[in-house]
Amino acid sequence: MTDDVRNIVLGVVAAGISASIGWIARTYLWRRRLRRKQAFFGLPGNAECLLVVNREAGRDGSVHRFDVFALLELSALVKDCGANAQIIWHDATRQGFGERTEFCVGGPYSNRRTAAHLQSLLPGVRVDTDTESGPDHGSFEIGTERHRMDPGTAEYVLLARLTAGEGSRPVFLFCGQRAITNQAATRYLARHHEKLYRKHGRNSFCLLLKVVNSQAYGPDVVEVVADVTRAALSALPAPRTSEHSAG
């Protein structure tokens, strides 16, 4: 074997080894990202989860188009984890939580399941569902802070990952003041789940997001107002009652 032939053979072998090492490294990184994603969403391979959908206010049996888009965002996440999703109406869901991962879309005025989760898991949050309350309609009260919406300009949505205990599957809440904010929250989760996992791991969290100028930018421009986990998990103080002394 001449030196030229030997050099060619060694070059081919080195290229093959380098390609194999690169493939192994890429496969390892891909599998690690997948395991982290599955852990964050509570969706191991072939797991079952629920997509709980609300009904559009004033329209019996229909789903707002922005909530449909939100379901599509979530379905892609579920598929990426190698899991399966079942879509179910909010008022047809009569089961506990923790056995299967649940994605719950919509505020308490259109989603009874969300209302139940707020009461049980986020006692520090109140949502004004009174249609006669004027500017406070749909506002969020979290701890001592109130957040009112300016439709089309500044609207709020809660994005929460909640667990009932160690080993239980999480509930993800997308509780928005309008349907477009629900889609904004699901899109934010899809884009930032790796960062959220690094910060929160498998623990519960609740973020208050603001959707900016949705009439121009749709669900794409989202700001994190605050991490309100502590306030949202703590029960609100009971309203004060007037005390009258007997005369």
# chains A, B, ... in the order shown; residues from 1 in each chain; ligands from 1
$ residues_around --residues "segment 82-91 of chain A" --least-positions-apart "5" --cutoff "9 Å" --atoms "only C-alpha atoms" --output "list of chain:residue names"
A:Gln38, A:Leu43, A:Pro44, A:Gly45, A:Asn46, A:Ala47, A:Glu48, A:Cys49, A:Leu50, A:Leu51, A:Val52, A:Val53, A:Asn54, A:Arg55, A:Leu71, A:Ser75, A:Leu77, A:Cys104, A:Val105, A:Ser110, A:Asn111, A:Arg112, A:Arg113, A:Thr114
$ write_last_selection --atoms "C-alpha atoms" --output "PDB file, in the first residue's frame"
ATOM      1  CA  GLN A  38     -41.673  14.858  28.728  1.00  0.00           C
ATOM      2  CA  LEU A  43     -46.065  13.120  29.217  1.00  0.00           C
ATOM      3  CA  PRO A  44     -43.885  10.013  28.897  1.00  0.00           C
ATOM      4  CA  GLY A  45     -44.130   8.101  25.629  1.00  0.00           C
ATOM      5  CA  ASN A  46     -47.666   6.853  24.808  1.00  0.00           C
ATOM      6  CA  ALA A  47     -49.137   8.664  27.812  1.00  0.00           C
ATOM      7  CA  GLU A  48     -52.712   9.949  27.703  1.00  0.00           C
ATOM      8  CA  CYS A  49     -53.670  13.547  28.450  1.00  0.00           C
ATOM      9  CA  LEU A  50     -56.746  15.765  28.383  1.00  0.00           C
ATOM     10  CA  LEU A  51     -57.336  18.948  26.402  1.00  0.00           C
ATOM     11  CA  VAL A  52     -60.241  20.608  28.203  1.00  0.00           C
ATOM     12  CA  VAL A  53     -61.933  23.147  25.963  1.00  0.00           C
ATOM     13  CA  ASN A  54     -64.461  25.847  26.794  1.00  0.00           C
ATOM     14  CA  ARG A  55     -67.471  27.012  24.801  1.00  0.00           C
ATOM     15  CA  LEU A  71     -55.685  23.545  20.925  1.00  0.00           C
ATOM     16  CA  SER A  75     -51.686  19.175  20.192  1.00  0.00           C
ATOM     17  CA  LEU A  77     -46.604  19.760  22.002  1.00  0.00           C
ATOM     18  CA  CYS A 104     -57.316  23.565  30.471  1.00  0.00           C
ATOM     19  CA  VAL A 105     -58.143  26.417  28.077  1.00  0.00           C
ATOM     20  CA  SER A 110     -66.593  30.005  29.918  1.00  0.00           C
ATOM     21  CA  ASN A 111     -64.838  27.002  31.469  1.00  0.00           C
ATOM     22  CA  ARG A 112     -66.221  25.384  34.614  1.00  0.00           C
ATOM     23  CA  ARG A 113     -63.125  23.239  34.947  1.00  0.00           C
ATOM     24  CA  THR A 114     -60.946  26.350  35.132  1.00  0.00           C
TER      25      THR A 114
END
$ closest_atom_pairs --of "segment 131-180 of chain A" --to "segment 222-226 of chain A" --cutoff "10 Å" --atoms "only C-alpha atoms" --output "Markdown table"
| residue | atom | partner | partner_atom | distance |
| --- | --- | --- | --- | --- |
| A:Ala154 | CA | A:Val222 | CA | 9.8 |
| A:Glu155 | CA | A:Val222 | CA | 9.7 |
| A:Tyr156 | CA | A:Val225 | CA | 9.0 |
| A:Val157 | CA | A:Val222 | CA | 9.8 |
$ write_last_selection --atoms "N, CA and C atoms" --output "PDB file, in the first residue's frame"
ATOM      1  N   ALA A 154     -54.204  46.043  25.909  1.00  0.00           N
ATOM      2  CA  ALA A 154     -53.477  45.376  26.996  1.00  0.00           C
ATOM      3  C   ALA A 154     -54.431  44.406  27.684  1.00  0.00           C
ATOM      4  N   GLU A 155     -54.138  43.127  27.534  1.00  0.00           N
ATOM      5  CA  GLU A 155     -54.996  42.085  28.097  1.00  0.00           C
ATOM      6  C   GLU A 155     -54.118  41.076  28.823  1.00  0.00           C
ATOM      7  N   TYR A 156     -54.691  40.430  29.836  1.00  0.00           N
ATOM      8  CA  TYR A 156     -53.900  39.572  30.707  1.00  0.00           C
ATOM      9  C   TYR A 156     -54.353  38.114  30.621  1.00  0.00           C
ATOM     10  N   VAL A 157     -53.408  37.246  30.927  1.00  0.00           N
ATOM     11  CA  VAL A 157     -53.691  35.819  30.949  1.00  0.00           C
ATOM     12  C   VAL A 157     -52.786  35.167  31.984  1.00  0.00           C
TER      13      VAL A 157
END
$ residues_around --residues "Thr101 of chain A" --least-positions-apart "2" --cutoff "8 Å" --atoms "only C-alpha atoms" --output "ChimeraX atom specification"
/A:41-43,48-50,97-99,103,169-172
$ closest_residue --among "A:Thr186, A:Ser168, A:Thr93, A:Asn213" --to "Ala39 of chain A" --atoms "only C-alpha atoms"
A:Ser168
$ select_by_dssp --residues "segment 1-230 of chain A" --states "strand (DSSP E)" --output "ChimeraX atom specification"
/A:48-53,84-89,101-105,125-127,140-142,145-147,154-162,171-176,205-212,222-227
